[in-house]
Each structure stands twice: as C-alpha cells, then as structure tokens.
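Raw entry34.pdb, PDB, C-alpha atoms:
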ATOM      1  CA  MET A 960       6.546 -46.866  47.526
ATOM      2  CA  SER A 961       6.243 -44.478  50.455
ATOM      3  CA  ASP A 962       3.109 -42.442  50.816
ATOM      4  CA  VAL A 963       4.225 -38.852  50.198
ATOM      5  CA  SER A 964       0.861 -37.320  49.373
ATOM      6  CA  HIS A 965       0.886 -35.309  52.632
ATOM      7  CA  ASN A 966       4.011 -33.424  51.513
ATOM      8  CA  TRP A 967       2.357 -31.527  48.623
ATOM      9  CA  GLU A 968       0.754 -28.924  50.882
ATOM     10  CA  GLU A 969       4.141 -28.300  52.452
ATOM     11  CA  PHE A 970       5.672 -27.727  49.014
ATOM     12  CA  LEU A 971       2.847 -25.327  48.128
ATOM     13  CA  LYS A 972       3.588 -23.350  51.338
ATOM     14  CA  ARG A 973       7.329 -23.242  50.556
ATOM     15  CA  ILE A 974       6.575 -21.942  47.050
ATOM     16  CA  ALA A 975       4.332 -19.201  48.477
ATOM     17  CA  ASP A 976       7.072 -18.162  50.941
ATOM     18  CA  ALA A 977       9.858 -18.059  48.300
ATOM     19  CA  LYS A 978      11.636 -14.685  48.255
ATOM     20  CA  SER A 979      13.392 -14.835  44.861
ATOM     21  CA  SER A 980      13.283 -16.431  41.453
ATOM     22  CA  ALA A 981      16.331 -18.489  42.459
ATOM     23  CA  ASP A 982      14.354 -19.991  45.389
ATOM     24  CA  VAL A 983      11.499 -20.837  43.009
ATOM     25  CA  ASP A 984      13.913 -22.471  40.542
ATOM     26  CA  ALA A 985      15.396 -24.567  43.386
ATOM     27  CA  LEU A 986      11.934 -25.800  44.395
ATOM     28  CA  ASP A 987      11.134 -26.552  40.746
ATOM     29  CA  GLN A 988      14.281 -28.698  40.544
ATOM     30  CA  GLU A 989      13.485 -30.407  43.891
ATOM     31  CA  LEU A 990      10.044 -31.379  42.634
ATOM     32  CA  PHE A 991      10.556 -32.025  38.933
ATOM     33  CA  GLY A 992      14.277 -32.836  38.576
ATOM     34  CA  ARG A 993      14.778 -35.563  35.972
ATOM     35  CA  LYS A 994      16.573 -38.017  38.324
ATOM     36  CA  ALA A 995      15.834 -37.131  41.944
ATOM     37  CA  GLY A 996      12.783 -34.868  41.822
ATOM     38  CA  VAL A 997      10.237 -35.857  44.487
ATOM     39  CA  LEU A 998       7.319 -35.921  42.060
ATOM     40  CA  THR A 999       9.448 -37.521  39.339
ATOM     41  CA  VAL A1000      10.460 -40.397  41.665
ATOM     42  CA  ALA A1001       6.867 -40.858  42.843
ATOM     43  CA  LEU A1002       5.649 -41.174  39.264
ATOM     44  CA  LYS A1003       8.370 -43.717  38.452
ATOM     45  CA  GLU A1004       7.409 -45.879  41.460
ATOM     46  CA  MET A1005       3.870 -46.183  40.150
ATOM     47  CA  GLY A1006       4.918 -49.250  38.186
ATOM     48  CA  THR A1007       5.470 -51.261  41.420
ATOM     49  CA  LEU A1008       1.886 -50.854  42.632
ATOM     50  CA  ASP A1009      -1.069 -53.127  42.063
ATOM     51  CA  PRO A1010      -3.606 -51.881  39.464
ATOM     52  CA  GLU A1011      -6.181 -50.573  41.947
ATOM     53  CA  THR A1012      -3.661 -48.678  44.074
ATOM     54  CA  ARG A1013      -1.878 -47.382  40.933
ATOM     55  CA  LYS A1014      -5.123 -45.888  39.616
ATOM     56  CA  ARG A1015      -5.820 -44.062  42.922
ATOM     57  CA  LYS A1016      -2.253 -42.817  43.324
ATOM     58  CA  ALA A1017      -2.100 -41.655  39.706
ATOM     59  CA  GLN A1018      -5.082 -39.386  40.240
ATOM     60  CA  GLU A1019      -3.510 -37.932  43.397
ATOM     61  CA  LEU A1020      -0.126 -37.338  41.761
ATOM     62  CA  ASN A1021      -1.599 -35.749  38.601
ATOM     63  CA  ALA A1022      -3.681 -33.390  40.732
ATOM     64  CA  ALA A1023      -0.641 -32.486  42.809
ATOM     65  CA  LYS A1024       1.487 -31.952  39.696
ATOM     66  CA  ALA A1025      -1.081 -29.539  38.229
ATOM     67  CA  LYS A1026      -1.305 -27.510  41.500
ATOM     68  CA  LEU A1027       2.469 -27.338  41.958
ATOM     69  CA  THR A1028       3.139 -26.353  38.331
ATOM     70  CA  MET A1029       0.560 -23.561  38.520
ATOM     71  CA  ALA A1030       1.952 -22.342  41.865
ATOM     72  CA  LEU A1031       5.507 -22.196  40.479
ATOM     73  CA  GLU A1032       4.431 -20.234  37.383
ATOM     74  CA  GLU A1033       2.343 -17.808  39.439
ATOM     75  CA  LYS A1034       5.213 -17.198  41.893
ATOM     76  CA  HIS A1035       7.640 -16.532  39.018
ATOM     77  CA  ARG A1036       5.201 -14.039  37.518
ATOM     78  CA  THR A1037       4.675 -12.282  40.870
ATOM     79  CA  LEU A1038       8.386 -11.975  41.584
ATOM     80  CA  ASN A1039       9.139 -10.613  38.104
ATOM     81  CA  GLU A1040       6.376  -7.993  38.070
ATOM     82  CA  PRO A1041       7.577  -4.447  38.866
ATOM     83  CA  SER A1042       6.461  -2.848  42.114
ATOM     84  CA  GLY A1043       3.810  -0.176  42.136
ATOM     85  CA  GLU A1044       6.363   2.644  42.082
ATOM     86  CA  ALA A1045       8.429   0.940  39.392
ATOM     87  CA  LEU A1046       5.274   0.343  37.389
ATOM     88  CA  ARG A1047       4.371   4.014  37.620
ATOM     89  CA  ASP A1048       7.869   4.958  36.425
ATOM     90  CA  LYS A1049       7.663   2.488  33.575
ATOM     91  CA  ASP A1050       4.303   3.779  32.343
ATOM     92  CA  ARG A1051       5.135   7.445  32.736
ATOM     93  CA  LEU A1052       4.576   9.320  29.437
ATOM     94  CA  ASP A1053       6.813  12.155  28.313
ATOM     95  CA  VAL A1054       4.520  14.279  26.148
ATOM     96  CA  THR A1055       7.445  16.470  25.035
ATOM     97  CA  LEU A1056       9.028  13.642  23.020
ATOM     98  CA  ASP A1057       8.402  13.456  19.274
ATOM     99  CA  LEU A1058       6.598  10.331  18.164
ATOM    100  CA  PRO A1059       8.755   7.929  16.131
ATOM    101  CA  ARG A1060       8.379   8.468  12.411
ATOM    102  CA  GLN A1061       6.232   5.840  10.780
ATOM    103  CA  GLU A1062       7.867   4.436   7.655
ATOM    104  CA  HIS A1063       5.785   4.298   4.468
ATOM    105  CA  GLY A1064       6.830   2.671   1.237
ATOM    106  CA  HIS A1065       6.456   4.517  -2.052
ATOM    107  CA  LEU A1066       7.307   4.160  -5.699
ATOM    108  CA  HIS A1067      10.854   4.813  -6.835
ATOM    109  CA  LEU A1068      11.314   8.222  -8.445
ATOM    110  CA  ILE A1069      11.565   6.811 -11.974
ATOM    111  CA  PRO A1070       8.325   4.755 -12.280
ATOM    112  CA  GLU A1071       6.502   7.476 -10.357
ATOM    113  CA  PHE A1072       7.695  10.075 -12.888
ATOM    114  CA  ILE A1073       6.752   7.858 -15.859
ATOM    115  CA  ARG A1074       3.204   7.568 -14.495
ATOM    116  CA  GLU A1075       3.072  11.353 -14.323
ATOM    117  CA  VAL A1076       4.323  11.603 -17.933
ATOM    118  CA  GLU A1077       1.645   9.180 -19.124
ATOM    119  CA  ASP A1078      -1.021  11.205 -17.333
ATOM    120  CA  ILE A1079       0.123  14.561 -18.760
ATOM    121  CA  PHE A1080       0.422  13.332 -22.351
ATOM    122  CA  GLY A1081      -2.811  11.389 -21.963
ATOM    123  CA  ARG A1082      -4.571  14.658 -21.209
ATOM    124  CA  MET A1083      -3.043  16.054 -24.425
ATOM    125  CA  GLY A1084      -4.590  13.169 -26.378
ATOM    126  CA  PHE A1085      -1.507  10.948 -26.746
ATOM    127  CA  ASP A1086      -1.806   7.173 -26.768
ATOM    128  CA  VAL A1087       0.720   5.083 -24.750
ATOM    129  CA  ALA A1088       2.503   2.158 -26.423
ATOM    130  CA  TYR A1089       5.123  -0.354 -25.309
ATOM    131  CA  GLY A1090       7.524  -2.624 -27.158
ATOM    132  CA  PRO A1091      10.209  -5.284 -26.600
ATOM    133  CA  GLU A1092      13.484  -4.389 -24.912
ATOM    134  CA  VAL A1093      15.345  -7.052 -26.917
ATOM    135  CA  GLU A1094      14.987  -5.693 -30.452
ATOM    136  CA  THR A1095      16.063  -6.714 -33.927
ATOM    137  CA  GLU A1096      18.722  -4.792 -35.812
ATOM    138  CA  GLU A1097      16.102  -4.051 -38.460
ATOM    139  CA  TYR A1098      13.813  -2.157 -36.080
ATOM    140  CA  ASN A1099      16.465  -0.688 -33.804
ATOM    141  CA  PHE A1100      18.626   0.720 -36.617
ATOM    142  CA  ASN A1101      17.727   0.049 -40.265
ATOM    143  CA  LYS A1102      14.099   1.207 -40.268
ATOM    144  CA  LEU A1103      15.147   4.350 -38.400
ATOM    145  CA  ASN A1104      17.464   5.421 -41.219
ATOM    146  CA  ILE A1105      20.594   4.141 -39.428
ATOM    147  CA  PRO A1106      22.129   1.606 -41.842
ATOM    148  CA  GLU A1107      25.053  -0.598 -40.859
ATOM    149  CA  SER A1108      27.638   1.840 -42.235
ATOM    150  CA  HIS A1109      26.119   4.879 -40.506
ATOM    151  CA  PRO A1110      28.465   6.589 -37.963
ATOM    152  CA  ALA A1111      25.563   7.052 -35.529
ATOM    153  CA  ARG A1112      25.850   3.339 -34.685
ATOM    154  CA  ASP A1113      29.246   3.922 -33.110
ATOM    155  CA  ALA A1114      27.607   5.998 -30.391
ATOM    156  CA  GLN A1115      24.724   3.591 -29.786
ATOM    157  CA  ASP A1116      25.301  -0.098 -30.508
ATOM    158  CA  THR A1117      25.776  -2.103 -27.339
ATOM    159  CA  PHE A1118      24.829  -5.418 -25.717
ATOM    160  CA  TRP A1119      24.418  -7.470 -28.877
ATOM    161  CA  VAL A1120      22.762 -10.856 -28.442
ATOM    162  CA  LYS A1121      24.680 -13.707 -30.071
ATOM    163  CA  ASP A1122      22.106 -15.311 -32.339
ATOM    164  CA  ALA A1123      21.345 -15.624 -36.034
ATOM    165  CA  LYS A1124      18.702 -12.871 -35.924
ATOM    166  CA  LYS A1125      21.187 -10.104 -34.974
ATOM    167  CA  THR A1126      19.264  -8.838 -31.985
ATOM    168  CA  VAL A1127      20.347  -6.146 -29.534
ATOM    169  CA  LEU A1128      19.107  -4.586 -26.323
ATOM    170  CA  ARG A1129      17.322  -1.557 -27.719
ATOM    171  CA  THR A1130      19.310   1.665 -27.622
ATOM    172  CA  HIS A1131      16.193   3.864 -27.695
ATOM    173  CA  THR A1132      12.412   3.421 -27.684
ATOM    174  CA  SER A1133      12.167   4.607 -31.319
ATOM    175  CA  PRO A1134      11.530   1.031 -32.606
ATOM    176  CA  VAL A1135       8.174   1.222 -30.807
ATOM    177  CA  GLN A1136       7.297   4.170 -33.050
ATOM    178  CA  ILE A1137       7.963   2.080 -36.185
ATOM    179  CA  ARG A1138       5.824  -0.759 -34.847
ATOM    180  CA  TYR A1139       3.064   1.687 -33.946
ATOM    181  CA  MET A1140       3.090   3.251 -37.425
ATOM    182  CA  GLN A1141       2.816  -0.194 -38.998
ATOM    183  CA  GLU A1142      -0.244  -1.008 -36.892
ATOM    184  CA  HIS A1143      -2.113   2.328 -36.963
ATOM    185  CA  LYS A1144      -3.321   4.667 -39.661
ATOM    186  CA  PRO A1145      -2.677   8.421 -39.341
ATOM    187  CA  PRO A1146      -3.543  10.883 -37.964
ATOM    188  CA  PHE A1147      -2.359   9.836 -34.493
ATOM    189  CA  GLN A1148      -0.155  10.840 -31.579
ATOM    190  CA  MET A1149       1.572   8.478 -29.185
ATOM    191  CA  ILE A1150       4.310   8.168 -26.559
ATOM    192  CA  CYS A1151       6.387   5.087 -25.723
ATOM    193  CA  PRO A1152       8.158   5.042 -22.327
ATOM    194  CA  GLY A1153      10.608   2.355 -21.248
ATOM    195  CA  ARG A1154      14.132   1.160 -20.455
ATOM    196  CA  VAL A1155      16.944   1.484 -22.990
ATOM    197  CA  TYR A1156      20.592   0.383 -23.034
ATOM    198  CA  ARG A1157      23.816   1.998 -24.245
ATOM    199  CA  LYS A1158      27.507   1.768 -23.485
ATOM    200  CA  ASP A1159      27.714   5.177 -21.786
ATOM    201  CA  ALA A1160      28.666   5.474 -18.110
ATOM    202  CA  ASP A1161      29.390   8.753 -16.306
ATOM    203  CA  ALA A1162      27.639  11.347 -14.133
ATOM    204  CA  THR A1163      24.950  12.074 -16.763
ATOM    205  CA  HIS A1164      24.914   8.738 -18.651
ATOM    206  CA  SER A1165      24.205   5.151 -17.674
ATOM    207  CA  PRO A1166      24.403   1.763 -19.462
ATOM    208  CA  MET A1167      20.705   1.389 -18.621
ATOM    209  CA  PHE A1168      18.363   4.347 -18.367
ATOM    210  CA  HIS A1169      14.794   5.398 -19.166
ATOM    211  CA  GLN A1170      13.280   7.357 -22.016
ATOM    212  CA  TRP A1171       9.913   8.312 -23.273
ATOM    213  CA  GLU A1172       9.648   9.103 -26.926
ATOM    214  CA  GLY A1173       6.697  10.464 -28.795
ATOM    215  CA  LEU A1174       5.306  10.797 -32.291
ATOM    216  CA  MET A1175       2.582  12.928 -33.858
ATOM    217  CA  VAL A1176       1.617  12.404 -37.510
ATOM    218  CA  GLY A1177      -1.028  14.326 -39.469
ATOM    219  CA  LYS A1178      -1.682  16.338 -42.593
ATOM    220  CA  ASP A1179      -0.375  19.723 -41.472
ATOM    221  CA  ILE A1180       1.837  18.938 -38.476
ATOM    222  CA  SER A1181       4.757  21.389 -38.237
ATOM    223  CA  LEU A1182       7.641  22.448 -36.009
ATOM    224  CA  ALA A1183       5.260  24.952 -34.407
ATOM    225  CA  ASN A1184       3.109  22.068 -33.154
ATOM    226  CA  MET A1185       6.201  20.297 -31.879
ATOM    227  CA  LYS A1186       7.434  23.378 -30.027
ATOM    228  CA  ALA A1187       4.040  23.837 -28.359
ATOM    229  CA  VAL A1188       4.033  20.219 -27.119
ATOM    230  CA  MET A1189       7.641  20.468 -25.874
ATOM    231  CA  ILE A1190       6.948  23.684 -23.935
ATOM    232  CA  ALA A1191       3.752  22.255 -22.408
ATOM    233  CA  ALA A1192       5.530  19.057 -21.316
ATOM    234  CA  ILE A1193       8.609  20.785 -19.853
ATOM    235  CA  THR A1194       6.692  23.428 -17.905
ATOM    236  CA  GLU A1195       4.240  20.831 -16.588
ATOM    237  CA  LEU A1196       6.952  18.399 -15.491
ATOM    238  CA  ILE A1197       9.625  20.796 -14.202
ATOM    239  CA  GLY A1198       7.893  24.108 -13.541
ATOM    240  CA  LYS A1199       6.558  27.228 -15.198
ATOM    241  CA  ASP A1200       9.645  29.249 -14.292
ATOM    242  CA  VAL A1201      12.080  26.809 -15.916
ATOM    243  CA  GLU A1202      14.488  28.286 -18.466
ATOM    244  CA  PHE A1203      15.133  26.295 -21.636
ATOM    245  CA  ARG A1204      16.349  26.769 -25.197
ATOM    246  CA  PHE A1205      15.986  25.139 -28.624
ATOM    247  CA  ARG A1206      19.033  24.618 -30.822
ATOM    248  CA  THR A1207      19.730  22.694 -34.001
ATOM    249  CA  GLY A1208      20.935  19.105 -33.709
ATOM    250  CA  TYR A1209      21.438  16.057 -35.878
ATOM    251  CA  PHE A1210      19.527  12.779 -35.617
ATOM    252  CA  PRO A1211      19.305  10.406 -38.606
ATOM    253  CA  PHE A1212      15.585   9.744 -38.124
ATOM    254  CA  VAL A1213      14.437  13.397 -38.209
ATOM    255  CA  GLU A1214      14.949  16.258 -40.641
ATOM    256  CA  PRO A1215      15.387  18.985 -39.484
ATOM    257  CA  GLY A1216      16.493  18.057 -35.983
ATOM    258  CA  LEU A1217      16.488  20.098 -32.780
ATOM    259  CA  GLU A1218      17.735  19.671 -29.223
ATOM    260  CA  VAL A1219      16.218  21.204 -26.095
ATOM    261  CA  ASP A1220      18.407  22.223 -23.162
ATOM    262  CA  VAL A1221      17.157  23.176 -19.701
ATOM    263  CA  ARG A1222      19.056  25.466 -17.399
ATOM    264  CA  TRP A1223      20.294  23.921 -14.150
ATOM    265  CA  GLN A1224      18.087  25.393 -11.394
ATOM    266  CA  GLY A1225      20.440  25.019  -8.439
ATOM    267  CA  ASP A1226      24.044  25.937  -7.752
ATOM    268  CA  GLU A1227      25.787  25.723 -11.118
ATOM    269  CA  SER A1228      28.915  24.329  -9.467
ATOM    270  CA  GLN A1229      26.848  21.233  -8.615
ATOM    271  CA  SER A1230      26.040  20.515 -12.284
ATOM    272  CA  ARG A1231      28.548  18.232 -14.024
ATOM    273  CA  GLU A1232      27.771  19.785 -17.423
ATOM    274  CA  GLY A1233      27.576  23.432 -16.447
ATOM    275  CA  ARG A1234      24.519  25.628 -16.623
ATOM    276  CA  TRP A1235      22.681  23.749 -19.419
ATOM    277  CA  LEU A1236      21.653  20.085 -19.598
ATOM    278  CA  GLU A1237      20.242  18.518 -22.757
ATOM    279  CA  ILE A1238      16.976  16.681 -22.058
ATOM    280  CA  VAL A1239      15.221  16.347 -25.454
ATOM    281  CA  GLY A1240      16.098  15.413 -28.997
ATOM    282  CA  CYS A1241      13.329  16.161 -31.499
ATOM    283  CA  GLY A1242      12.491  17.131 -35.077
ATOM    284  CA  MET A1243      10.318  16.426 -38.103
ATOM    285  CA  VAL A1244      10.186  12.724 -38.931
ATOM    286  CA  HIS A1245      12.470  11.810 -41.831
ATOM    287  CA  PRO A1246      10.457  10.785 -44.972
ATOM    288  CA  LYS A1247      12.400   7.512 -45.124
ATOM    289  CA  VAL A1248      11.302   6.619 -41.597
ATOM    290  CA  LEU A1249       7.663   7.326 -42.485
ATOM    291  CA  GLU A1250       8.018   5.007 -45.495
ATOM    292  CA  ASN A1251       9.504   2.279 -43.322
ATOM    293  CA  GLY A1252       6.498   2.630 -41.032
ATOM    294  CA  GLY A1253       4.100   2.167 -43.942
ATOM    295  CA  ILE A1254       3.068   5.823 -44.191
ATOM    296  CA  ASP A1255       3.155   7.855 -47.426
ATOM    297  CA  PRO A1256       5.462  10.879 -46.765
ATOM    298  CA  THR A1257       3.875  12.795 -49.661
ATOM    299  CA  LYS A1258       0.541  12.843 -47.794
ATOM    300  CA  TRP A1259       1.524  12.814 -44.146
ATOM    301  CA  GLN A1260       4.137  14.473 -42.008
ATOM    302  CA  GLY A1261       4.882  14.671 -38.308
ATOM    303  CA  PHE A1262       7.366  15.221 -35.529
ATOM    304  CA  ALA A1263       9.096  12.915 -33.081
ATOM    305  CA  PHE A1264      10.841  13.563 -29.777
ATOM    306  CA  GLY A1265      12.689  11.716 -27.048
ATOM    307  CA  PHE A1266      13.099  12.752 -23.401
ATOM    308  CA  GLY A1267      15.526  11.320 -20.861
ATOM    309  CA  VAL A1268      13.600  10.489 -17.686
ATOM    310  CA  GLU A1269      16.598  10.624 -15.346
ATOM    311  CA  ARG A1270      17.778  13.925 -16.810
ATOM    312  CA  MET A1271      14.360  15.493 -16.255
ATOM    313  CA  LEU A1272      14.465  14.315 -12.651
ATOM    314  CA  MET A1273      18.008  15.638 -12.232
ATOM    315  CA  ILE A1274      16.804  19.108 -13.250
ATOM    316  CA  ARG A1275      13.594  18.877 -11.241
ATOM    317  CA  HIS A1276      15.219  17.776  -7.963
ATOM    318  CA  ARG A1277      18.743  19.195  -8.520
ATOM    319  CA  ILE A1278      20.373  15.772  -8.393
ATOM    320  CA  PRO A1279      23.999  16.170  -9.524
ATOM    321  CA  ASP A1280      24.762  12.550 -10.495
ATOM    322  CA  LEU A1281      22.500  10.205 -12.498
ATOM    323  CA  ARG A1282      24.059   7.131 -10.878
ATOM    324  CA  MET A1283      22.413   7.988  -7.558
ATOM    325  CA  PHE A1284      19.098   6.672  -8.934
ATOM    326  CA  TYR A1285      20.458   3.109  -9.072
ATOM    327  CA  GLU A1286      22.630   2.840  -5.948
ATOM    328  CA  GLY A1287      19.715   1.815  -3.720
ATOM    329  CA  ASP A1288      20.795   4.189  -0.947
ATOM    330  CA  VAL A1289      17.748   4.548   1.328
ATOM    331  CA  ARG A1290      18.981   7.939   2.527
ATOM    332  CA  PHE A1291      18.696   9.239  -1.035
ATOM    333  CA  LEU A1292      15.335   7.594  -1.765
ATOM    334  CA  ARG A1293      13.707   8.816   1.470
ATOM    335  CA  GLN A1294      14.011  12.420   0.315
ATOM    336  CA  PHE A1295      11.305  11.830  -2.257
TER     337      PHE A1295
END
Show the structure stored in the file as structure tokens.
Amino acid sequence: MSDVSHNWEEFLKRIADAKSSADVDALDQELFGRKAGVLTVALKEMGTLDPETRKRKAQELNAAKAKLTMALEEKHRTLNEPSGEALRDKDRLDVTLDLPRQEHGHLHLIPEFIREVEDIFGRMGFDVAYGPEVETEEYNFNKLNIPESHPARDAQDTFWVKDAKKTVLRTHTSPVQIRYMQEHKPPFQMICPGRVYRKDADATHSPMFHQWEGLMVGKDISLANMKAVMIAAITELIGKDVEFRFRTGYFPFVEPGLEVDVRWQGDESQSREGRWLEIVGCGMVHPKVLENGGIDPTKWQGFAFGFGVERMLMIRHRIPDLRMFYEGDVRFLRQF
C-alpha cells in the first residue's frame, strides 16, 4: 500500500478552491467513488497491512475521511447559498399583499343547526330525547295511528329490513315520542331530533334528511299553546321579520292538524316551490296515540309538531336545492 496521507491536505485545498457544485461533485467522486475513489481504495488496502501498521493507518484515514466529508458538505452549502443581494431580494416583504387566509374547520350546517335547536327549546323547558333509526313497524306506524291499510303508508314506507320483526328505517322521529310517553308521566314537553328516511328525492326532498319533532302534554294544553311555541321557534331560528302562515292539514297522529309555511326570503324565482315552503306539520295529539303511549286521553291532552331541518336552513340561507347539503362541495360549505 502506498503512503498517500500527504495528499489529504491537497484535496482539502482543491475543495476550497472549487467554483461550482459540479466541481465539488467531481471531487466527491474522486475521493469516495465505490471502485476507484482514492479514500475507498486506501481503506480496502488496509487488509494487506500488519496489525500495528493497520491500526495507525486506520486512525489517519478515519480522521481524513471526517475532514474531507465536512469540507465537501460545507462547500456545497456555501455555493448554494444566495448572495447578499439575492438574499435581500428573497427576504423583501411586500406589505401591500393580503395575508393568505387561514383555513379553520367547523361543524356542517346541519349538526350546527340541531345544536341551536336544542339550545332554544332547552331554554323553553323542553327535554331532548333520542331513539333508534332502525325501528319496528309497531312503533313507526301502528302506534302512531297508521295501520297497515292506511293510505299514509304509501307516502312514507321505505327501506324495509328483511327480517321476521318487520323493521324499517324510521320515516320520522315520531316513534321517539311514543317511547318517551311510555317512560315518562305527564305533564312534560320534549323534542327528538335525528335522521329519518323516505323514498322522496327532488330539490326539496331527500331519501335521508333530518327532523326534530316535539311533544307537549298537560291538563289544559291547547292550540294556542302550540301556536305560541311555533312562532317563538320560527322567529328565533329564522328571524323576527320572517313571514309565515298556518293552514289546515291532515296527519293521522294529530286531530286537528295544521301545517306552517314560511315565505321564501330571497328571489322567488330561485325557490323551486314558489313563494311558500312548508316547514312544519303540527296539531293536537290524536287520543289513540296518547293511549298507545300509556296516557289517558280523558285526563291529558297535548300537541305535537315536526320541523324539517334542511327546509329551515333553506329558508334561513336562501339555499334553492336541498341536495346541496349532501354533495360535499367545499365551495358551498365554506360560505357558512
């Protein structure tokens, strides 16, 4: 093995004098190339030396390797750093530019609105209850005065589960009211928000949507009480200047039944149903439904109601198509 230890200082000088990254890369290859690199060959020849000489030469070569590696890295860094003028240009700040908008996550419109509903009705003294989304035929239809032969089933039944129990994805949250009546003694008032499923699909209907229904039962509860609660809820959730109307309607679980429409607040040409959009079905609870809930209709009476969450939001934010809530378009969601 030739003694090449005196060459390392020469290599260090050549590295310091290198004018470009290409020159540095060439020196790196000359020193550390896998087959013919000067330092690589010297390390391979160590095996031909006697133990004492090998130990001394190993120390020299390892020290040289460390110095050369550091010199190459430092020269690369120096060559790649911008000059003083370039650095000043790079760090120059344009104070007239707007800062980039920082993205913040937030709740989707629907769960955010449901939280607001729970807060408003909570302040009016209403309890909040939840129930299963996969419901039995008994609770979803029969106990709500909708027997198998009733024509109202044609407009509601959907997504039946094939099992012996005749279960269905609930078509409304009304079954929660039956369960609540069976577990609580009157007087009481409650709401039950949640997802429901029907076979509708157009600009103002969806196979899956959200409702919150409510129930108030007491000794002297009347339509006047119901109207007061409806007005308070609508004005709180949409606005004091909102225009709405009550009209008669039919629902098998209330008697008499009413519907509440709210006037579209934006350009009427943008509303798929014209100037009025139905948002609430309500009325005095049918005596049969009270019986099915374990309550004596000769002693107690009450009213029930059901709001469509998406329809309230459509009115509130002038959204023309209900399906926009579920498309996942970030451009739509960012507006809120």
Please list as an NGL selection string every residue within 9 Å of Phe1205 (chain A), counting all atoms listed in the file and excluding residues in the same chain fewer than 6 positions away. :A and (1186 or 1217-1220)
Tell me, in Å to one decimal, how far CA of Asp976 (chain A) is from CA of Ala1023 (chain A).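 We find that CA of Asp976 (chain A) and CA of Ala1023 (chain A) lie 18.2 Å from each other.
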Please evaluate the PyMOL selection byres ((chain A and resi 1281) around 9) against the displayed coordinates and give the resulting residues as JSON, numbers by chain. {"A": [1161, 1162, 1163, 1164, 1165, 1269, 1270, 1273, 1278, 1279, 1280, 1282, 1283, 1284, 1285]}
For the selection just defined, write its residues with C-alpha atoms to a file, as a short mmCIF file (atom, residue, chain, number, x, y, z; two decimals), keeping the file's coordinate frame.
data_model
loop_
_atom_site.label_atom_id
_atom_site.label_comp_id
_atom_site.auth_asym_id
_atom_site.auth_seq_id
_atom_site.Cartn_x
_atom_site.Cartn_y
_atom_site.Cartn_z
CA ASP A 1161 29.39 8.75 -16.31
CA ALA A 1162 27.64 11.35 -14.13
CA THR A 1163 24.95 12.07 -16.76
CA HIS A 1164 24.91 8.74 -18.65
CA SER A 1165 24.20 5.15 -17.67
CA GLU A 1269 16.60 10.62 -15.35
CA ARG A 1270 17.78 13.92 -16.81
CA MET A 1273 18.01 15.64 -12.23
CA ILE A 1278 20.37 15.77 -8.39
CA PRO A 1279 24.00 16.17 -9.52
CA ASP A 1280 24.76 12.55 -10.50
CA ARG A 1282 24.06 7.13 -10.88
CA MET A 1283 22.41 7.99 -7.56
CA PHE A 1284 19.10 6.67 -8.93
CA TYR A 1285 20.46 3.11 -9.07
#
Please provide the set of residues having any atom within 9 Å of Ile1069 (chain A), restricted to all atoms listed in the file, with same-chain residues fewer than 2 positions apart removed, written as a CSV table (one decimal) with C-alpha atoms, keeping the file's coordinate frame.
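Written output follows (out14.csv):
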chain,number,residue,atom,x,y,z
A,1066,LEU,CA,7.3,4.2,-5.7
A,1067,HIS,CA,10.9,4.8,-6.8
A,1071,GLU,CA,6.5,7.5,-10.4
A,1072,PHE,CA,7.7,10.1,-12.9
A,1073,ILE,CA,6.8,7.9,-15.9
A,1074,ARG,CA,3.2,7.6,-14.5
A,1169,HIS,CA,14.8,5.4,-19.2
A,1268,VAL,CA,13.6,10.5,-17.7
A,1269,GLU,CA,16.6,10.6,-15.3
A,1272,LEU,CA,14.5,14.3,-12.7
A,1284,PHE,CA,19.1,6.7,-8.9
Which residues come within 9 Å of Lys1026 (chain A), counting all atoms listed in the file, excluding same-chain residues fewer than 5 positions away, as a ChimeraX atom specification? /A:967,971,1021,1031
Write a file of the just-selected residues containing C-alpha atoms, as a compact mmCIF listing (two decimals), in the coordinates of the input.
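Once written, result_32.txt looks like this:
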# COMPACT_ATOMS: atom_id res chain seq x y z
CA TRP A 967 2.36 -31.53 48.62
CA LEU A 971 2.85 -25.33 48.13
CA ASN A 1021 -1.60 -35.75 38.60
CA LEU A 1031 5.51 -22.20 40.48
Between A:Cys1151, A:Met1083, A:Leu1068, A:Ala1022, which one has atoms that come closest to Arg1293 (chain A), using only C-alpha atoms?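 The answer is A:Leu1068, which sits nearest to Arg1293 (chain A).
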Residues matched by the PyMOL selection byres ((chain A and resi 1027) around 12) as number ranges by chain: A: 966-975, 983, 986-991, 997-998, 1020-1026, 1028-1034
Two-atom distance - CA of Thr1130 (chain A), CA of Pro1106 (chain A) (Å): 14.5 Å
Any idea what the distance is between CA of Pro1145 (chain A) and CA of Val1093 (chain A)? 26.8 Å
Looking at only C-alpha atoms, which of A:Thr1095, A:Thr1117, A:Ser1133, A:Thr1126 is the one that sits closest to Tyr1156 (chain A)? A:Thr1117
The PyMOL selection byres ((chain A and resi 1214) around 12) resolved against shown file, as a ChimeraX atom specification: /A:1104,1181-1182,1207-1213,1215-1217,1240-1249,1260-1264
Give the answer as one residue: which of A:Phe1147, A:Trp1259, A:Trp1223, A:Phe1118 has the shortest atom-to-atom distance to Lys1178 (chain A), using all atoms listed in the file?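 Counting all atoms listed in the file, the residue closest to Lys1178 (chain A) is A:Trp1259.
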